[in-house]
Each structure stands twice: as structure tokens, then as C-alpha cells.
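Asker: File my_file_1.pdb below, PDB, C-alpha atoms:
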```pdb
ATOM      1  CA  MET M   1       0.000   0.000   0.000
ATOM      2  CA  SER M   2       1.090   3.519  -0.637
ATOM      3  CA  LEU M   3       0.831   5.041   2.837
ATOM      4  CA  LYS M   4       2.391   4.156   6.149
ATOM      5  CA  PHE M   5      -0.565   3.305   8.343
ATOM      6  CA  LYS M   6      -0.592   4.417  11.960
ATOM      7  CA  SER M   7      -3.956   2.932  12.875
ATOM      8  CA  PHE M   8      -6.689   0.649  11.626
ATOM      9  CA  ALA M   9      -8.722   3.726  10.730
ATOM     10  CA  ALA M  10      -5.866   5.106   8.653
ATOM     11  CA  LEU M  11      -5.510   1.762   6.910
ATOM     12  CA  ALA M  12      -9.169   1.674   5.957
ATOM     13  CA  LEU M  13      -9.178   5.295   4.850
ATOM     14  CA  SER M  14      -6.081   4.893   2.701
ATOM     15  CA  ALA M  15      -7.506   1.780   1.047
ATOM     16  CA  ALA M  16     -10.742   3.597   0.291
ATOM     17  CA  MET M  17      -8.827   6.499  -1.224
ATOM     18  CA  MET M  18      -6.725   4.154  -3.340
ATOM     19  CA  PHE M  19      -9.809   2.510  -4.821
ATOM     20  CA  SER M  20     -11.273   5.875  -5.833
ATOM     21  CA  VAL M  21      -8.349   7.137  -7.910
ATOM     22  CA  ALA M  22      -7.776   6.437 -11.569
ATOM     23  CA  ALA M  23      -4.777   4.595 -12.942
ATOM     24  CA  CYS M  24      -1.801   6.352 -14.417
ATOM     25  CA  GLY M  25      -2.345   6.601 -18.162
ATOM     26  CA  THR M  26      -4.978   3.922 -18.681
ATOM     27  CA  THR M  27      -7.267   1.509 -16.907
ATOM     28  CA  ASP M  28      -9.665  -1.275 -17.749
ATOM     29  CA  SER M  29     -10.837  -1.942 -14.205
ATOM     30  CA  GLY M  30     -14.486  -1.461 -13.462
ATOM     31  CA  ASP M  31     -15.126   1.066 -11.375
ATOM     32  CA  ALA M  32       6.051 -12.003   9.601
ATOM     33  CA  LYS M  33       7.148 -14.715   9.180
ATOM     34  CA  SER M  34       7.346 -13.535   5.695
ATOM     35  CA  ASP M  35      10.051 -13.362   3.111
ATOM     36  CA  SER M  36       9.702  -9.599   2.820
ATOM     37  CA  LYS M  37      11.952  -7.066   4.503
ATOM     38  CA  ALA M  38       9.866  -4.377   2.820
ATOM     39  CA  LYS M  39      11.172  -0.873   2.962
ATOM     40  CA  ASN M  40       8.905   2.105   3.448
ATOM     41  CA  THR M  41       9.438   3.344  -0.076
ATOM     42  CA  THR M  42       7.244   4.329  -2.961
ATOM     43  CA  VAL M  43      10.058   5.292  -5.309
ATOM     44  CA  GLY M  44      10.915   2.700  -7.921
ATOM     45  CA  TYR M  45      14.343   1.460  -8.942
ATOM     46  CA  ASP M  46      15.875   3.543 -11.731
ATOM     47  CA  VAL M  47      15.996   1.434 -14.900
ATOM     48  CA  SER M  48      16.784   4.323 -17.258
ATOM     49  CA  THR M  49      20.367   3.162 -17.890
ATOM     50  CA  ILE M  50      19.327  -0.243 -19.244
ATOM     51  CA  LYS M  51      20.342  -0.562 -22.889
ATOM     52  CA  LYS M  52      18.195  -2.002 -25.653
ATOM     53  CA  ASP M  53      19.206  -5.415 -26.923
ATOM     54  CA  ASP M  54      18.843  -5.109 -30.701
ATOM     55  CA  GLU M  55      18.333  -8.818 -31.360
ATOM     56  CA  LEU M  56      15.693  -9.170 -28.659
ATOM     57  CA  ALA M  57      14.027  -5.974 -29.847
ATOM     58  CA  LYS M  58      13.634  -7.470 -33.335
ATOM     59  CA  LEU M  59      12.206 -10.644 -31.840
ATOM     60  CA  ALA M  60       9.690  -8.705 -29.746
ATOM     61  CA  ALA M  61       8.682  -6.564 -32.716
ATOM     62  CA  SER M  62       7.730  -9.729 -34.617
ATOM     63  CA  ALA M  63       5.435 -10.937 -31.800
ATOM     64  CA  LYS M  64       1.730 -11.356 -32.467
ATOM     65  CA  THR M  65       0.445  -8.798 -29.978
ATOM     66  CA  VAL M  66       3.092  -6.053 -29.676
ATOM     67  CA  LYS M  67       1.977  -2.884 -31.490
ATOM     68  CA  ASP M  68       3.019   0.756 -31.851
ATOM     69  CA  GLY M  69       6.284   0.302 -29.984
ATOM     70  CA  GLU M  70       4.491  -0.340 -26.679
ATOM     71  CA  LEU M  71       4.613  -3.233 -24.239
ATOM     72  CA  SER M  72       1.270  -3.238 -22.423
ATOM     73  CA  VAL M  73       1.197  -4.952 -19.038
ATOM     74  CA  GLY M  74      -1.904  -5.827 -17.012
ATOM     75  CA  MET M  75      -1.485  -5.395 -13.233
ATOM     76  CA  GLU M  76      -3.692  -5.380 -10.151
ATOM     77  CA  LEU M  77      -2.385  -2.229  -8.524
ATOM     78  CA  SER M  78      -3.217  -2.838  -4.861
ATOM     79  CA  TYR M  79      -0.672  -5.591  -4.281
ATOM     80  CA  ALA M  80       2.215  -3.876  -2.494
ATOM     81  CA  PRO M  81       5.147  -4.249  -2.747
ATOM     82  CA  ALA M  82       4.688  -5.998  -6.111
ATOM     83  CA  GLU M  83       2.486  -3.348  -7.689
ATOM     84  CA  PHE M  84       0.597  -0.450  -6.131
ATOM     85  CA  TYR M  85       0.174   3.322  -6.288
ATOM     86  CA  ALA M  86       2.629   5.850  -4.849
ATOM     87  CA  GLU M  87       1.434   8.579  -2.477
ATOM     88  CA  ASP M  88       0.160  10.660  -5.395
ATOM     89  CA  GLY M  89      -2.482   8.009  -6.068
ATOM     90  CA  LYS M  90      -1.516   7.952  -9.742
ATOM     91  CA  THR M  91       1.979   6.541 -10.201
ATOM     92  CA  PRO M  92       2.339   2.724 -10.343
ATOM     93  CA  VAL M  93       5.302   1.485  -8.306
ATOM     94  CA  GLY M  94       6.622  -1.844  -7.029
ATOM     95  CA  TYR M  95       8.990  -4.579  -8.086
ATOM     96  CA  ASP M  96       6.665  -5.858 -10.819
ATOM     97  CA  VAL M  97       6.407  -2.319 -12.189
ATOM     98  CA  ASP M  98      10.198  -2.003 -12.197
ATOM     99  CA  MET M  99      10.565  -5.409 -13.855
ATOM    100  CA  SER M 100       8.046  -4.417 -16.530
ATOM    101  CA  LYS M 101       9.959  -1.226 -17.259
ATOM    102  CA  ALA M 102      13.276  -3.092 -17.321
ATOM    103  CA  ILE M 103      11.943  -5.724 -19.725
ATOM    104  CA  ALA M 104      10.408  -3.080 -21.978
ATOM    105  CA  GLN M 105      13.657  -1.090 -22.022
ATOM    106  CA  THR M 106      15.638  -4.217 -22.928
ATOM    107  CA  LEU M 107      13.219  -4.887 -25.784
ATOM    108  CA  GLY M 108      13.297  -1.273 -27.019
ATOM    109  CA  LEU M 109       9.631  -0.750 -26.169
ATOM    110  CA  LYS M 110       7.681   1.793 -24.136
ATOM    111  CA  PRO M 111       6.035   0.234 -21.058
ATOM    112  CA  LYS M 112       2.295   0.767 -20.674
ATOM    113  CA  ILE M 113       0.999  -0.254 -17.247
ATOM    114  CA  VAL M 114      -2.735  -1.022 -17.288
ATOM    115  CA  SER M 115      -4.672  -1.124 -14.007
ATOM    116  CA  SER M 116      -6.733  -4.321 -13.989
ATOM    117  CA  MET M 117      -8.712  -6.574 -11.701
ATOM    118  CA  PHE M 118      -6.649  -9.683 -10.997
ATOM    119  CA  ASP M 119      -9.227 -12.199 -12.164
ATOM    120  CA  THR M 120      -9.596 -10.458 -15.558
ATOM    121  CA  ILE M 121      -5.921 -10.479 -16.493
ATOM    122  CA  VAL M 122      -5.403 -14.030 -17.815
ATOM    123  CA  PRO M 123      -8.497 -13.884 -20.083
ATOM    124  CA  SER M 124      -7.263 -10.564 -21.507
ATOM    125  CA  ILE M 125      -3.679 -11.541 -22.381
ATOM    126  CA  GLY M 126      -3.147 -11.047 -26.115
ATOM    127  CA  SER M 127      -6.157  -8.777 -26.528
ATOM    128  CA  LYS M 128      -6.000  -6.000 -23.918
ATOM    129  CA  TYR M 129      -2.390  -6.538 -22.841
ATOM    130  CA  ASP M 130       0.789  -8.102 -24.173
ATOM    131  CA  LEU M 131       1.817  -9.357 -20.740
ATOM    132  CA  GLY M 132       0.405  -9.976 -17.294
ATOM    133  CA  ILE M 133       2.964  -9.197 -14.586
ATOM    134  CA  THR M 134       1.120  -9.219 -11.291
ATOM    135  CA  ALA M 135       2.668 -11.624  -8.754
ATOM    136  CA  MET M 136       0.831 -14.463 -10.505
ATOM    137  CA  THR M 137       1.546 -18.021  -9.388
ATOM    138  CA  ILE M 138       2.147 -20.455 -12.239
ATOM    139  CA  THR M 139      -0.404 -23.250 -12.013
ATOM    140  CA  GLU M 140      -1.327 -26.152 -14.285
ATOM    141  CA  GLU M 141      -4.765 -24.615 -14.779
ATOM    142  CA  ARG M 142      -3.386 -21.238 -15.870
ATOM    143  CA  LEU M 143      -0.863 -22.923 -18.163
ATOM    144  CA  GLN M 144      -3.810 -24.197 -20.193
ATOM    145  CA  SER M 145      -4.749 -20.598 -21.037
ATOM    146  CA  VAL M 146      -1.451 -18.686 -21.276
ATOM    147  CA  ASP M 147       2.290 -19.212 -21.518
ATOM    148  CA  PHE M 148       4.503 -18.187 -18.603
ATOM    149  CA  VAL M 149       8.072 -17.014 -18.124
ATOM    150  CA  SER M 150       9.152 -17.708 -14.535
ATOM    151  CA  TYR M 151      10.743 -14.771 -12.707
ATOM    152  CA  TYR M 152      10.078 -15.051  -8.961
ATOM    153  CA  ARG M 153       9.238 -17.520  -6.193
ATOM    154  CA  ALA M 154       6.873 -16.882  -3.292
ATOM    155  CA  GLY M 155       4.741 -18.693  -0.772
ATOM    156  CA  SER M 156       1.573 -17.804   1.090
ATOM    157  CA  THR M 157       1.259 -16.193   4.516
ATOM    158  CA  TRP M 158      -1.642 -15.895   6.951
ATOM    159  CA  ALA M 159      -1.989 -12.572   8.781
ATOM    160  CA  VAL M 160      -4.113 -11.617  11.785
ATOM    161  CA  GLN M 161      -4.517  -8.709  14.162
ATOM    162  CA  LYS M 162      -1.651  -8.327  16.626
ATOM    163  CA  GLY M 163      -1.848 -10.909  19.386
ATOM    164  CA  ASN M 164      -4.134 -13.185  17.355
ATOM    165  CA  PRO M 165      -7.259 -12.228  19.371
ATOM    166  CA  LYS M 166      -9.350 -15.016  17.795
ATOM    167  CA  LYS M 167      -6.675 -17.584  18.755
ATOM    168  CA  LEU M 168      -6.557 -18.965  15.226
ATOM    169  CA  ASP M 169      -4.351 -21.878  14.182
ATOM    170  CA  THR M 170      -3.193 -22.345  10.594
ATOM    171  CA  SER M 171      -3.849 -26.072  10.910
ATOM    172  CA  ASP M 172      -7.551 -25.467  11.558
ATOM    173  CA  MET M 173      -9.248 -22.416  10.054
ATOM    174  CA  CYS M 174     -12.755 -23.818  10.401
ATOM    175  CA  GLY M 175     -15.026 -21.206  11.942
ATOM    176  CA  ALA M 176     -12.834 -18.300  10.807
ATOM    177  CA  LYS M 177     -13.697 -15.453   8.467
ATOM    178  CA  ILE M 178     -10.943 -15.637   5.833
ATOM    179  CA  ALA M 179     -10.268 -12.614   3.607
ATOM    180  CA  VAL M 180      -8.653 -13.276   0.217
ATOM    181  CA  GLN M 181      -8.362 -11.673  -3.190
ATOM    182  CA  THR M 182     -10.634 -12.939  -5.958
ATOM    183  CA  GLY M 183      -8.975 -15.222  -8.493
ATOM    184  CA  THR M 184      -5.872 -16.004  -6.434
ATOM    185  CA  VAL M 185      -4.350 -19.304  -5.417
ATOM    186  CA  GLN M 186      -5.103 -18.282  -1.831
ATOM    187  CA  GLU M 187      -8.814 -17.996  -2.639
ATOM    188  CA  ASP M 188      -8.743 -21.544  -4.029
ATOM    189  CA  GLU M 189      -7.000 -22.816  -0.892
ATOM    190  CA  ALA M 190      -9.407 -20.991   1.414
ATOM    191  CA  ASN M 191     -12.380 -22.509  -0.397
ATOM    192  CA  LYS M 192     -10.859 -25.980  -0.038
ATOM    193  CA  ILE M 193     -10.512 -25.378   3.695
ATOM    194  CA  ALA M 194     -14.110 -24.176   3.941
ATOM    195  CA  ASN M 195     -15.415 -27.183   2.025
ATOM    196  CA  GLY M 196     -13.649 -29.488   4.474
ATOM    197  CA  CYS M 197     -15.251 -27.950   7.564
ATOM    198  CA  LYS M 198     -18.195 -29.441   9.430
ATOM    199  CA  ALA M 199     -21.569 -27.778   9.015
ATOM    200  CA  ASP M 200     -21.580 -26.412  12.569
ATOM    201  CA  LYS M 201     -18.132 -24.819  12.179
ATOM    202  CA  LYS M 202     -17.949 -23.539   8.626
ATOM    203  CA  ALA M 203     -15.183 -21.206   7.543
ATOM    204  CA  GLU M 204     -16.436 -18.127   5.722
ATOM    205  CA  VAL M 205     -14.394 -17.109   2.685
ATOM    206  CA  MET M 206     -14.636 -13.368   2.055
ATOM    207  CA  SER M 207     -13.366 -12.593  -1.458
ATOM    208  CA  TYR M 208     -12.364  -9.077  -2.450
ATOM    209  CA  LYS M 209     -11.483  -7.644  -5.842
ATOM    210  CA  ARG M 210      -8.357  -6.001  -4.424
ATOM    211  CA  GLN M 211      -5.835  -7.317  -1.906
ATOM    212  CA  ALA M 212      -5.849  -4.020   0.007
ATOM    213  CA  GLU M 213      -9.525  -4.601   0.782
ATOM    214  CA  ALA M 214      -8.738  -8.026   2.219
ATOM    215  CA  ALA M 215      -6.030  -6.598   4.482
ATOM    216  CA  THR M 216      -8.319  -3.749   5.545
ATOM    217  CA  ALA M 217     -11.051  -6.254   6.459
ATOM    218  CA  VAL M 218      -8.713  -7.882   8.990
ATOM    219  CA  ALA M 219      -7.366  -4.582  10.280
ATOM    220  CA  THR M 220     -10.892  -3.336  11.002
ATOM    221  CA  GLY M 221     -12.171  -6.635  12.425
ATOM    222  CA  LYS M 222     -14.566  -7.442   9.598
ATOM    223  CA  ALA M 223     -12.531 -10.583   8.868
ATOM    224  CA  ASP M 224     -10.416 -12.683  11.216
ATOM    225  CA  VAL M 225      -7.456 -13.464   8.962
ATOM    226  CA  PHE M 226      -6.208 -12.778   5.454
ATOM    227  CA  TYR M 227      -4.190 -15.070   3.227
ATOM    228  CA  ALA M 228      -1.849 -13.675   0.555
ATOM    229  CA  ASP M 229       1.481 -14.079  -1.214
ATOM    230  CA  SER M 230       4.253 -13.943   1.377
ATOM    231  CA  PRO M 231       5.964 -10.725   0.169
ATOM    232  CA  VAL M 232       2.598  -8.980  -0.048
ATOM    233  CA  ALA M 233       1.537 -10.092   3.421
ATOM    234  CA  GLY M 234       4.951  -9.097   4.774
ATOM    235  CA  TYR M 235       4.673  -5.627   3.280
ATOM    236  CA  ALA M 236       1.123  -5.123   4.605
ATOM    237  CA  ILE M 237       2.277  -6.144   8.083
ATOM    238  CA  SER M 238       5.264  -3.773   7.932
ATOM    239  CA  GLN M 239       3.023  -0.830   7.076
ATOM    240  CA  THR M 240       0.716  -1.159  10.110
ATOM    241  CA  ASP M 241       3.312  -0.460  12.807
ATOM    242  CA  GLY M 242       2.802  -3.805  14.529
ATOM    243  CA  GLN M 243      -0.993  -3.852  14.394
ATOM    244  CA  LEU M 244      -1.001  -6.919  12.139
ATOM    245  CA  GLU M 245       1.223  -9.972  12.415
ATOM    246  CA  ALA M 246       1.999 -13.133  10.478
ATOM    247  CA  LEU M 247       0.493 -16.382  11.689
ATOM    248  CA  GLY M 248       2.516 -19.565  11.264
ATOM    249  CA  ASP M 249       5.140 -20.223   8.625
ATOM    250  CA  VAL M 250       5.227 -19.398   4.921
ATOM    251  CA  GLU M 251       3.330 -22.128   3.077
ATOM    252  CA  GLY M 252       3.237 -23.531  -0.445
ATOM    253  CA  VAL M 253       6.253 -21.827  -2.013
ATOM    254  CA  ALA M 254       5.831 -21.781  -5.804
ATOM    255  CA  LYS M 255       7.106 -19.998  -8.906
ATOM    256  CA  GLN M 256       5.428 -16.901 -10.246
ATOM    257  CA  GLY M 257       5.400 -16.001 -13.893
ATOM    258  CA  ILE M 258       4.906 -13.414 -16.596
ATOM    259  CA  ALA M 259       1.772 -14.350 -18.539
ATOM    260  CA  ILE M 260       1.975 -14.256 -22.359
ATOM    261  CA  LYS M 261      -0.510 -15.142 -25.104
ATOM    262  CA  LYS M 262      -0.591 -18.905 -25.555
ATOM    263  CA  GLY M 263       1.614 -19.967 -28.448
ATOM    264  CA  ASP M 264       3.257 -16.574 -29.087
ATOM    265  CA  GLN M 265       6.719 -18.081 -29.401
ATOM    266  CA  GLN M 266       8.433 -14.843 -30.435
ATOM    267  CA  LEU M 267       7.236 -12.940 -27.377
ATOM    268  CA  ASP M 268       7.868 -15.948 -25.125
ATOM    269  CA  GLU M 269      11.502 -16.046 -26.250
ATOM    270  CA  ALA M 270      11.962 -12.273 -26.191
ATOM    271  CA  VAL M 271      10.663 -11.970 -22.621
ATOM    272  CA  GLN M 272      12.518 -15.059 -21.375
ATOM    273  CA  ASN M 273      15.800 -13.806 -22.801
ATOM    274  CA  ALA M 274      15.207 -10.278 -21.498
ATOM    275  CA  VAL M 275      14.533 -11.540 -17.971
ATOM    276  CA  GLN M 276      17.557 -13.839 -18.101
ATOM    277  CA  LYS M 277      19.744 -10.956 -19.247
ATOM    278  CA  LEU M 278      18.485  -8.827 -16.318
ATOM    279  CA  MET M 279      19.243 -11.717 -13.971
ATOM    280  CA  ASP M 280      22.738 -12.229 -15.394
ATOM    281  CA  ASP M 281      23.782  -8.560 -15.335
ATOM    282  CA  GLY M 282      22.550  -8.002 -11.773
ATOM    283  CA  THR M 283      19.686  -5.593 -12.547
ATOM    284  CA  TYR M 284      17.045  -8.103 -11.492
ATOM    285  CA  MET M 285      18.576  -8.584  -8.036
ATOM    286  CA  LYS M 286      18.997  -4.833  -7.589
ATOM    287  CA  ILE M 287      15.282  -4.356  -8.244
ATOM    288  CA  LEU M 288      14.328  -7.040  -5.731
ATOM    289  CA  LYS M 289      16.716  -5.677  -3.099
ATOM    290  CA  HIS M 290      15.292  -2.187  -3.602
ATOM    291  CA  TRP M 291      11.924  -3.552  -2.446
ATOM    292  CA  GLY M 292      13.322  -5.934   0.191
ATOM    293  CA  VAL M 293      12.042  -9.095  -1.520
ATOM    294  CA  GLU M 294      15.279 -10.668  -2.752
ATOM    295  CA  SER M 295      14.652 -13.922  -0.866
ATOM    296  CA  GLY M 296      12.301 -14.948  -3.690
ATOM    297  CA  ALA M 297      14.886 -14.510  -6.431
ATOM    298  CA  LEU M 298      15.385 -17.112  -9.161
ATOM    299  CA  ASP M 299      18.588 -17.529 -11.167
ATOM    300  CA  LYS M 300      16.922 -18.917 -14.273
ATOM    301  CA  ALA M 301      13.970 -17.660 -16.327
ATOM    302  CA  GLU M 302      12.096 -20.500 -18.053
ATOM    303  CA  ILE M 303       9.259 -20.695 -20.542
ATOM    304  CA  ASN M 304       6.447 -22.836 -19.141
ATOM    305  CA  PRO M 305       8.569 -24.500 -16.426
ATOM    306  CA  THR M 306       7.635 -28.057 -15.514
ATOM    307  CA  ASP M 307       8.883 -27.675 -11.949
ATOM    308  CA  LEU M 308       6.451 -25.175 -10.438
ATOM    309  CA  ASN M 309       7.919 -25.160  -6.926
TER     310      ASN M 309
END
```
With the file now loaded, output its structure as C-alpha cells.
Answerer:
Amino acid sequence: MSLKFKSFAALALSAAMMFSVAACGTTDSGDAKSDSKAKNTTVGYDVSTIKKDDELAKLAASAKTVKDGELSVGMELSYAPAEFYAEDGKTPVGYDVDMSKAIAQTLGLKPKIVSSMFDTIVPSIGSKYDLGITAMTITEERLQSVDFVSYYRAGSTWAVQKGNPKKLDTSDMCGAKIAVQTGTVQEDEANKIANGCKADKKAEVMSYKRQAEAATAVATGKADVFYADSPVAGYAISQTDGQLEALGDVEGVAKQGIAIKKGDQQLDEAVQNAVQKLMDDGTYMKILKHWGVESGALDKAEINPTDLN
């Protein structure tokens, strides 16, 4: 999130303000024990010195979706520190934003960040956007719809109010109100938990379009716990001055990927090679360290990896 929250009220207010502002440039949205050492920053890493790779630029230019010298990227911009708005409420920042800019610069393209609802991004790859870069876990189901280039690795973290007032246990969430973001792996897992509960102790899954809403629900007591990617949960916790805390250990570590139109081999190869080049020359690690999320770094970018963990 873009503001440092001093209270639950401030958290809720900031989230509400963030939802009301428009995206920078364009939008298609409708109206711990964590691996994050997140810094209180809303200034991105400077990628302006990255040089275009002529061969990769030619490859990208021949891709099926890339047009007018732009690389359009769908993002859900309430997922700090991966992608969110700076204090001005307009400027997208975060490590996914920096990675998008770095990839575009390597390919000789102008980055175009498009604010999107998470669950609409995969269906829109190849039509509304060239890429989806939004802390998206690579799953077998998603691989049926889009190609992926792996670029990060994260798990999932539970977060509760400080002191765990509801005395929740990650091994038994039956009876809890669980806040998650719509369309995420964590929503799927929460629904599995709920379906396994007895009728007299059902878990209630509360799905929100934006992750900031899920965190706010816990901060204000509307929900008991939220479940999110570990770096995102870690950042949310760091911004509440100890009013939220992680519960249990990081679970289900898996690779995240850059979504690309299924079968667009030219763009697959251009993006994979661009990410690998950024990894090899150290830019990738500098971006992750800037946001305090380097523990999820990979050393190899792969197209449609078979090992998803």
C-alpha cells in the first residue's frame, strides 16, 4: 500500500482512497514470518540506464500482440510491494512495475501499465495486454490458457490482528472469516478449507477484488485473517506499525510467472531472454533488493517450467 498506516482507521481510509483514484495513463478496471523485509518506499528502482538489446528488440517486434512500440502490461495495482500506487495516487510502483519497465527497455519498447482486476488479467492476455505481470503463481490450470516465463518464487502467509485475538491456528481455520483476493491461489486454498469444515463450524471465505480490501477487512475486524502471497503479506504487516502480524510459517512456495498469449513463441523467447539478461547482469537482483524481496529470487527464467515449486 502507498501510505504508512498508523492505525486501523488510517488503513481503511487509505484503502478507500486508493480505490477511488484512476490509474496512471490507462485503466480497464471497473469502477512475519514472511520473506519480505519491505522498505517504506514508494520510489521505484531507476531502470533508465538499461540498454536495448537489438536482437531481442527485433524478436519482440515480430510478436503477435506487440503494437506501436508499446509493451502493455496488465497489473492489479493494490498488491504492495509488487504493484501499487505511490502517495500521489496515480503513479504505479513496485517490483513488478520495475521489472516491466526493465523488460520493456531491454526490448526497445515503451512500457504501458494497465490497471486491472486480478481475475480479468489471464483472459485478456493477447487482446488488452501483451503481458500480465502481477505476482501471478504459475499453475497447471493457468498454463492451459497462457504461456509463462518464470521470474520469482513466493509462498503464502496468513496474517491476523496483533496478538491473534481469535486464537486462530493455521492447521484449523474452520469457523474463521478468511479474507482473500478474488482469483488467487489463496482464494482456491481458502475454499478448499471451507469445504472441508463441518456444518456447525464452517469457515467463511470473504473474497475481495483487491488485496488491500482483504487486508483492511482484517485490520478493522470485519474478517479474522487474510491469506496472501508472502511478500505482499509481509509488506502489509510492515506498514501497520505492529498492528497486524503473520500467523505460522510461509506455506506452499511456488514460482510466479509473466503471462503471455498462448503460443506466441516470439514474445515468449523475447521476454525469457530479457529476464535472463536482467538476472545475469545483476539488474534483477537490484530491483528485488530495492523492495526488500530478494529472498524470492530465481537464477533462471524459463518458458512454461515443468517444476512449479
Asker: Kindly indicate which residue among M:Ala102, M:Met279, M:Ala274, M:Ala176 lies nearest to Asp54 of chain M, using only C-alpha atoms for the distances.
Answerer: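 With only C-alpha atoms as the atom set, the closest residue is M:Ala274.
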Asker: Could you give me, as a ChimeraX atom specification, the residues within 9 Å of Tyr79 of chain M, counting all atoms listed in the file and dropping anything in the same chain fewer than 5 positions from it?
Answerer: /M:1,84,94,134-135,210-212,232
Asker: Record the distance separating atom CA of Tyr152 of chain M and atom CA of Gly257 of chain M, expressed in Å with one decimal.
Answerer: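 Result for atom CA of Tyr152 of chain M versus atom CA of Gly257 of chain M: 6.9 Å, one decimal.
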Asker: Show which residues sit within 10 Å of segment 293-297 of chain M, as a ChimeraX atom specification. Count only C-alpha atoms, and ignore same-chain residues fewer than 3 positions away.
Answerer: /M:34-39,81-82,95,151-155,230-232,234-235,253-256,279,284-290,300
Asker: Evaluating the PyMOL selection byres ((chain M and resi 244) around 12) on the displayed file yields which residues, as a ChimeraX atom specification?
Answerer: /M:5-8,11,32-33,158-165,215-221,224-226,233-243,245-247
Asker: Could you please take those selected residues and save C-alpha atoms as an mmCIF file, keeping the file's coordinate frame?
Answerer:
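Saved file again-v3.cif follows:
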```cif
data_model
loop_
_atom_site.group_PDB
_atom_site.id
_atom_site.type_symbol
_atom_site.label_atom_id
_atom_site.label_comp_id
_atom_site.auth_asym_id
_atom_site.auth_seq_id
_atom_site.Cartn_x
_atom_site.Cartn_y
_atom_site.Cartn_z
ATOM 1 C CA PHE M 5 -0.565 3.305 8.343
ATOM 2 C CA LYS M 6 -0.592 4.417 11.960
ATOM 3 C CA SER M 7 -3.956 2.932 12.875
ATOM 4 C CA PHE M 8 -6.689 0.649 11.626
ATOM 5 C CA LEU M 11 -5.510 1.762 6.910
ATOM 6 C CA ALA M 32 6.051 -12.003 9.601
ATOM 7 C CA LYS M 33 7.148 -14.715 9.180
ATOM 8 C CA TRP M 158 -1.642 -15.895 6.951
ATOM 9 C CA ALA M 159 -1.989 -12.572 8.781
ATOM 10 C CA VAL M 160 -4.113 -11.617 11.785
ATOM 11 C CA GLN M 161 -4.517 -8.709 14.162
ATOM 12 C CA LYS M 162 -1.651 -8.327 16.626
ATOM 13 C CA GLY M 163 -1.848 -10.909 19.386
ATOM 14 C CA ASN M 164 -4.134 -13.185 17.355
ATOM 15 C CA PRO M 165 -7.259 -12.228 19.371
ATOM 16 C CA ALA M 215 -6.030 -6.598 4.482
ATOM 17 C CA THR M 216 -8.319 -3.749 5.545
ATOM 18 C CA ALA M 217 -11.051 -6.254 6.459
ATOM 19 C CA VAL M 218 -8.713 -7.882 8.990
ATOM 20 C CA ALA M 219 -7.366 -4.582 10.280
ATOM 21 C CA THR M 220 -10.892 -3.336 11.002
ATOM 22 C CA GLY M 221 -12.171 -6.635 12.425
ATOM 23 C CA ASP M 224 -10.416 -12.683 11.216
ATOM 24 C CA VAL M 225 -7.456 -13.464 8.962
ATOM 25 C CA PHE M 226 -6.208 -12.778 5.454
ATOM 26 C CA ALA M 233 1.537 -10.092 3.421
ATOM 27 C CA GLY M 234 4.951 -9.097 4.774
ATOM 28 C CA TYR M 235 4.673 -5.627 3.280
ATOM 29 C CA ALA M 236 1.123 -5.123 4.605
ATOM 30 C CA ILE M 237 2.277 -6.144 8.083
ATOM 31 C CA SER M 238 5.264 -3.773 7.932
ATOM 32 C CA GLN M 239 3.023 -0.830 7.076
ATOM 33 C CA THR M 240 0.716 -1.159 10.110
ATOM 34 C CA ASP M 241 3.312 -0.460 12.807
ATOM 35 C CA GLY M 242 2.802 -3.805 14.529
ATOM 36 C CA GLN M 243 -0.993 -3.852 14.394
ATOM 37 C CA GLU M 245 1.223 -9.972 12.415
ATOM 38 C CA ALA M 246 1.999 -13.133 10.478
ATOM 39 C CA LEU M 247 0.493 -16.382 11.689
#
```
Asker: Given the file shown, enumerate the residues that the PyMOL selection byres ((chain M and resi 66) around 10) captures and present them as a list in words.
Answerer: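 Those residues are Ala60, Ala61, Ser62, Ala63, Lys64, Thr65, Lys67, Asp68, Gly69, Glu70, Leu71, Ser72, Leu109, Gly126, Tyr129, Asp130, Leu131 and Leu267 of chain M.
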Asker: Residues picked by the PyMOL selection byres ((chain M and resi 251) around 8) here, as a list in words?
Answerer: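 So the PyMOL selection byres ((chain M and resi 251) around 8) ends up selecting Gly155, Ser156, Thr157, Asp249, Val250, Gly252 and Val253 of chain M.
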Asker: Expressed in Å to a single decimal, how great is the separation between atom CA of Val43 of chain M and atom CA of Ala86 of chain M?
Answerer: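 Atom CA of Ala86 of chain M lies 7.5 Å from atom CA of Val43 of chain M.
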Asker: One decimal, Å: what's the distance from atom CA of Ser207 of chain M over to atom CA of Tyr227 of chain M, could you say?
Answerer: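 Computed distance, atom CA of Ser207 of chain M to atom CA of Tyr227 of chain M, equals 10.6 Å.
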Asker: Excluding Asp172 of chain M and residues on its chain fewer than 3 positions from it, collect all residues at most 12 Å away from it, counting only C-alpha atoms, and give them as a ChimeraX atom specification.
Answerer: /M:167-169,175-176,178,190,193-194,196-198,201-203,248
Asker: Export C-alpha atoms of the chosen residues as an mmCIF file, keeping the file's coordinate frame?
Answerer:
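Result went into selection.cif, see below:
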```
data_model
loop_
_atom_site.group_PDB
_atom_site.id
_atom_site.type_symbol
_atom_site.label_atom_id
_atom_site.label_comp_id
_atom_site.auth_asym_id
_atom_site.auth_seq_id
_atom_site.Cartn_x
_atom_site.Cartn_y
_atom_site.Cartn_z
ATOM 1 C CA LYS M 167 -6.675 -17.584 18.755
ATOM 2 C CA LEU M 168 -6.557 -18.965 15.226
ATOM 3 C CA ASP M 169 -4.351 -21.878 14.182
ATOM 4 C CA GLY M 175 -15.026 -21.206 11.942
ATOM 5 C CA ALA M 176 -12.834 -18.300 10.807
ATOM 6 C CA ILE M 178 -10.943 -15.637 5.833
ATOM 7 C CA ALA M 190 -9.407 -20.991 1.414
ATOM 8 C CA ILE M 193 -10.512 -25.378 3.695
ATOM 9 C CA ALA M 194 -14.110 -24.176 3.941
ATOM 10 C CA GLY M 196 -13.649 -29.488 4.474
ATOM 11 C CA CYS M 197 -15.251 -27.950 7.564
ATOM 12 C CA LYS M 198 -18.195 -29.441 9.430
ATOM 13 C CA LYS M 201 -18.132 -24.819 12.179
ATOM 14 C CA LYS M 202 -17.949 -23.539 8.626
ATOM 15 C CA ALA M 203 -15.183 -21.206 7.543
ATOM 16 C CA GLY M 248 2.516 -19.565 11.264
#
```
Asker: For each of M:Thr42, M:Thr91, M:Ile121, M:Lys101, take the minimum atom-to-atom distance to Gly74 of chain M, counting all atoms listed in the file, then give the residue where this is smallest.
Answerer: M:Ile121
